[in-house]
file start_21.csv (CSV, C-alpha atoms)
chain,number,residue,atom,x,y,z
A,1066,MET,CA,95.8,112.9,76.5
A,1067,GLU,CA,98.2,110.5,78.2
A,1068,VAL,CA,99.5,111.2,81.7
A,1069,ARG,CA,101.9,109.0,83.7
A,1070,ALA,CA,103.0,108.4,87.2
A,1071,LEU,CA,106.1,106.6,88.3
A,1072,ALA,CA,107.1,105.0,91.6
A,1073,LYS,CA,110.7,104.1,91.7
A,1074,ASP,CA,112.6,101.6,94.0
A,1075,GLN,CA,109.5,100.0,95.5
A,1076,PRO,CA,110.5,97.0,97.8
A,1077,VAL,CA,108.5,94.3,96.0
A,1078,ALA,CA,109.6,92.0,93.2
A,1079,PRO,CA,108.4,93.0,89.7
A,1080,GLN,CA,107.0,89.6,89.1
A,1081,LYS,CA,104.6,90.1,92.0
A,1082,VAL,CA,103.6,93.6,90.9
A,1083,ARG,CA,102.9,92.4,87.3
A,1084,LEU,CA,100.1,90.1,88.5
A,1085,ILE,CA,98.4,93.1,90.1
A,1086,LEU,CA,98.9,95.4,87.0
A,1087,ASP,CA,97.5,92.8,84.6
A,1088,ALA,CA,94.2,92.9,86.6
A,1089,ILE,CA,93.7,96.7,86.1
A,1090,LYS,CA,94.9,97.3,82.6
A,1091,GLY,CA,92.2,98.9,80.4
A,1092,ARG,CA,89.8,99.5,83.3
A,1093,PRO,CA,88.4,102.9,84.3
A,1094,VAL,CA,90.4,104.5,87.1
A,1095,ASP,CA,87.5,104.4,89.6
A,1096,GLU,CA,87.0,100.7,89.0
A,1097,ALA,CA,90.7,100.0,89.3
A,1098,LEU,CA,91.0,101.8,92.6
A,1099,ASN,CA,88.0,99.9,94.0
A,1100,LEU,CA,89.6,96.6,92.8
A,1101,LEU,CA,93.0,97.5,94.3
A,1102,GLN,CA,91.5,98.5,97.6
A,1103,PHE,CA,90.2,95.1,98.3
A,1104,MET,CA,93.1,92.9,97.0
A,1105,PRO,CA,95.0,91.1,99.8
A,1106,GLN,CA,98.4,91.5,98.2
A,1107,ARG,CA,100.9,94.0,99.8
A,1108,SER,CA,101.9,95.3,96.4
A,1109,ALA,CA,98.2,96.3,95.6
A,1110,ARG,CA,98.6,99.1,98.1
A,1111,ILE,CA,101.6,100.5,96.3
A,1112,VAL,CA,99.9,100.2,92.9
A,1113,TRP,CA,96.8,102.0,94.4
A,1114,LYS,CA,99.0,105.0,95.3
A,1115,VAL,CA,100.5,105.1,91.8
A,1116,VAL,CA,97.1,105.0,90.1
A,1117,LYS,CA,95.8,107.7,92.4
A,1118,SER,CA,98.9,109.8,91.6
A,1119,ALA,CA,98.4,109.4,87.9
A,1120,ALA,CA,94.8,110.5,88.2
A,1121,ALA,CA,95.7,113.5,90.3
A,1122,ASN,CA,98.5,114.5,87.8
A,1123,ALA,CA,95.9,114.3,84.9
A,1124,GLU,CA,93.4,116.4,86.8
A,1125,ASN,CA,95.7,119.1,88.3
A,1126,ASN,CA,98.5,119.4,85.7
A,1127,PHE,CA,96.7,118.8,82.4
A,1128,ASP,CA,93.0,119.7,83.1
A,1129,VAL,CA,91.8,116.2,82.1
A,1130,ASN,CA,88.3,115.2,83.1
A,1131,PRO,CA,88.7,112.8,86.1
A,1132,ASP,CA,85.5,110.9,85.3
A,1133,GLY,CA,86.6,109.7,81.9
A,1134,LEU,CA,90.1,108.4,82.8
A,1135,ARG,CA,91.1,104.9,81.8
A,1136,ILE,CA,94.3,103.0,82.5
A,1137,LYS,CA,96.1,102.8,79.2
A,1138,SER,CA,99.1,100.8,80.3
A,1139,ALA,CA,100.8,99.7,83.5
A,1140,ALA,CA,104.3,98.2,83.7
A,1141,ALA,CA,106.7,97.0,86.4
A,1142,GLY,CA,110.4,97.0,85.6
A,1143,ASP,CA,113.5,95.8,87.4
A,1144,ALA,CA,115.2,98.2,89.9
A,1145,ARG,CA,118.1,97.6,92.1
A,1146,THR,CA,118.8,94.1,93.5
A,1147,LEU,CA,120.2,93.5,97.0
A,1148,LYS,CA,122.4,90.4,97.2
A,1149,ARG,CA,122.6,89.0,100.7
A,1150,PHE,CA,123.7,85.7,102.3
A,1151,ARG,CA,121.9,83.6,104.9
A,1152,ALA,CA,123.8,81.2,107.2
A,1153,ARG,CA,123.1,77.5,106.6
A,1154,SER,CA,124.2,74.4,108.3
A,1155,ARG,CA,127.8,73.2,108.5
A,1156,GLY,CA,129.3,76.7,108.0
A,1157,ARG,CA,127.8,77.2,104.6
A,1158,THR,CA,125.8,80.1,103.1
A,1159,ALA,CA,122.9,80.4,100.8
A,1160,PRO,CA,122.3,83.5,98.6
A,1161,MET,CA,119.2,85.7,99.0
A,1162,VAL,CA,118.2,88.1,96.3
A,1163,LYS,CA,116.0,91.0,97.4
A,1164,ARG,CA,114.4,92.5,94.3
A,1165,TYR,CA,113.0,96.1,93.9
A,1166,SER,CA,110.9,97.4,91.1
A,1167,HIS,CA,109.9,100.6,89.2
A,1168,ILE,CA,106.1,100.9,88.6
A,1169,GLU,CA,104.7,103.0,85.9
A,1170,VAL,CA,101.0,103.7,85.2
A,1171,VAL,CA,99.7,105.6,82.2
A,1172,VAL,CA,96.2,107.0,82.2
A,1173,GLU,CA,94.3,108.6,79.3
A,1174,GLY,CA,91.3,110.8,79.0
A,1175,ASN,CA,89.7,113.8,77.4
A,1176,GLN,CA,90.4,117.4,78.3
A,1177,PHE,CA,87.7,119.6,79.7
call {"tool": "encode", "arguments": {"input": "start_21.csv", "output": "structure tokens"}}
result
Amino acid sequence: MEVRALAKDQPVAPQKVRLILDAIKGRPVDEALNLLQFMPQRSARIVWKVVKSAAANAENNFDVNPDGLRIKSAAAGDARTLKRFRARSRGRTAPMVKRYSHIEVVVEGNQF
């Protein structure tokens, strides 16, 4: 059975999150959580929470065995984008784009 967890509007660019998600796709949930715990990236902490939430959803809402859970898919999509401007020399401006992302993790496992 497939169970998903979604984290919307996370303040990190989707391109940075996809690097983390590619490292955990197809792994067992316990192994993925250990891997995420020791990654130095800031977005690894956000992904850790989403994976933990997906595992909890599977166990509590759908009676899936938590020991046999695997990460089936993990994706990061675009969310809102804040457009700001930074002052530069000679009275000019330079655009800054602050990207946000939606992170989705799908786990699968067998029911009890």
call {"tool": "atom_distance", "arguments": {"input": "start_21.csv", "atom1": "CA of Ala1072 in chain A", "atom2": "CA of Gly1133 in chain A"}}
result
23.2 Å
call {"tool": "atom_distance", "arguments": {"input": "start_21.csv", "atom1": "CA of Ala1070 in chain A", "atom2": "CA of Ser1138 in chain A"}}
result
11.0 Å
call {"tool": "atom_distance", "arguments": {"input": "start_21.csv", "atom1": "CA of Asp1074 in chain A", "atom2": "CA of Thr1158 in chain A"}}
result
26.8 Å
call {"tool": "residues_around", "arguments": {"input": "start_21.csv", "residues": "range 1171-1176 of chain A", "least_positions_apart": "4", "cutoff": "7 Å", "atoms": "all atoms listed in the file", "output": "list in words"}}
result
Met1066, Glu1067, Val1068, Arg1069, Ala1070, Ala1119, Asp1128, Val1129, Asn1130, Gly1133, Leu1134, Arg1135, Ile1136, Lys1137, Ser1138 and Ala1139 of chain A
call {"tool": "closest_residue", "arguments": {"input": "start_21.csv", "among": "A:Pro1131, A:Leu1086, A:Arg1151, A:Trp1113", "to": "Asn1099 in chain A", "atoms": "only C-alpha atoms"}}
result
A:Trp1113
call {"tool": "closest_residue", "arguments": {"input": "start_21.csv", "among": "A:Ser1154, A:Pro1160, A:Val1115, A:Ala1144", "to": "Leu1071 in chain A", "atoms": "all atoms listed in the file"}}
result
A:Val1115
call {"tool": "closest_residue", "arguments": {"input": "start_21.csv", "among": "A:Val1162, A:Val1082, A:Ala1088, A:Val1170", "to": "Arg1110 in chain A", "atoms": "all atoms listed in the file"}}
result
A:Val1082
call {"tool": "closest_residue", "arguments": {"input": "start_21.csv", "among": "A:Glu1169, A:Ala1120, A:Gln1102, A:Pro1076", "to": "Asp1132 in chain A", "atoms": "all atoms listed in the file"}}
result
A:Ala1120
call {"tool": "closest_residue", "arguments": {"input": "start_21.csv", "among": "A:His1167, A:Ala1140, A:Glu1124, A:Arg1107", "to": "Ile1089 in chain A", "atoms": "only C-alpha atoms"}}
result
A:Ala1140
call {"tool": "build_atoms", "arguments": {"input": "start_21.csv", "residues": "range 1160-1174 of chain A", "atoms": "N, CA and C atoms", "output": "short mmCIF file (atom, residue, chain, number, x, y, z; two decimals), keeping the file's coordinate frame"}}
result
data_model
loop_
_atom_site.label_atom_id
_atom_site.label_comp_id
_atom_site.auth_asym_id
_atom_site.auth_seq_id
_atom_site.Cartn_x
_atom_site.Cartn_y
_atom_site.Cartn_z
N PRO A 1160 122.60 82.14 99.04
CA PRO A 1160 122.30 83.50 98.60
C PRO A 1160 120.85 83.86 98.69
N MET A 1161 120.60 85.12 99.04
CA MET A 1161 119.20 85.70 99.00
C MET A 1161 119.28 86.89 98.10
N VAL A 1162 118.28 87.01 97.25
CA VAL A 1162 118.20 88.10 96.30
C VAL A 1162 116.94 88.91 96.66
N LYS A 1163 117.10 90.17 97.07
CA LYS A 1163 116.00 91.00 97.40
C LYS A 1163 115.74 91.97 96.24
N ARG A 1164 114.65 91.77 95.52
CA ARG A 1164 114.40 92.50 94.30
C ARG A 1164 113.51 93.76 94.59
N TYR A 1165 113.77 94.82 93.85
CA TYR A 1165 113.00 96.10 93.90
C TYR A 1165 112.45 96.33 92.52
N SER A 1166 111.44 97.20 92.41
CA SER A 1166 110.90 97.40 91.10
C SER A 1166 110.49 98.91 90.91
N HIS A 1167 110.44 99.32 89.63
CA HIS A 1167 109.90 100.60 89.20
C HIS A 1167 108.53 100.34 88.64
N ILE A 1168 107.53 101.08 89.10
CA ILE A 1168 106.10 100.90 88.60
C ILE A 1168 105.70 102.12 87.89
N GLU A 1169 105.19 101.92 86.67
CA GLU A 1169 104.70 103.00 85.90
C GLU A 1169 103.27 102.76 85.44
N VAL A 1170 102.42 103.77 85.62
CA VAL A 1170 101.00 103.70 85.20
C VAL A 1170 100.71 104.87 84.30
N VAL A 1171 100.11 104.59 83.15
CA VAL A 1171 99.70 105.60 82.20
C VAL A 1171 98.21 105.63 82.06
N VAL A 1172 97.62 106.81 82.30
CA VAL A 1172 96.20 107.00 82.20
C VAL A 1172 95.90 107.90 80.98
N GLU A 1173 94.73 107.72 80.37
CA GLU A 1173 94.30 108.60 79.30
C GLU A 1173 92.91 109.04 79.46
N GLY A 1174 92.62 110.24 78.95
CA GLY A 1174 91.30 110.80 79.00
C GLY A 1174 91.14 112.00 78.17
#
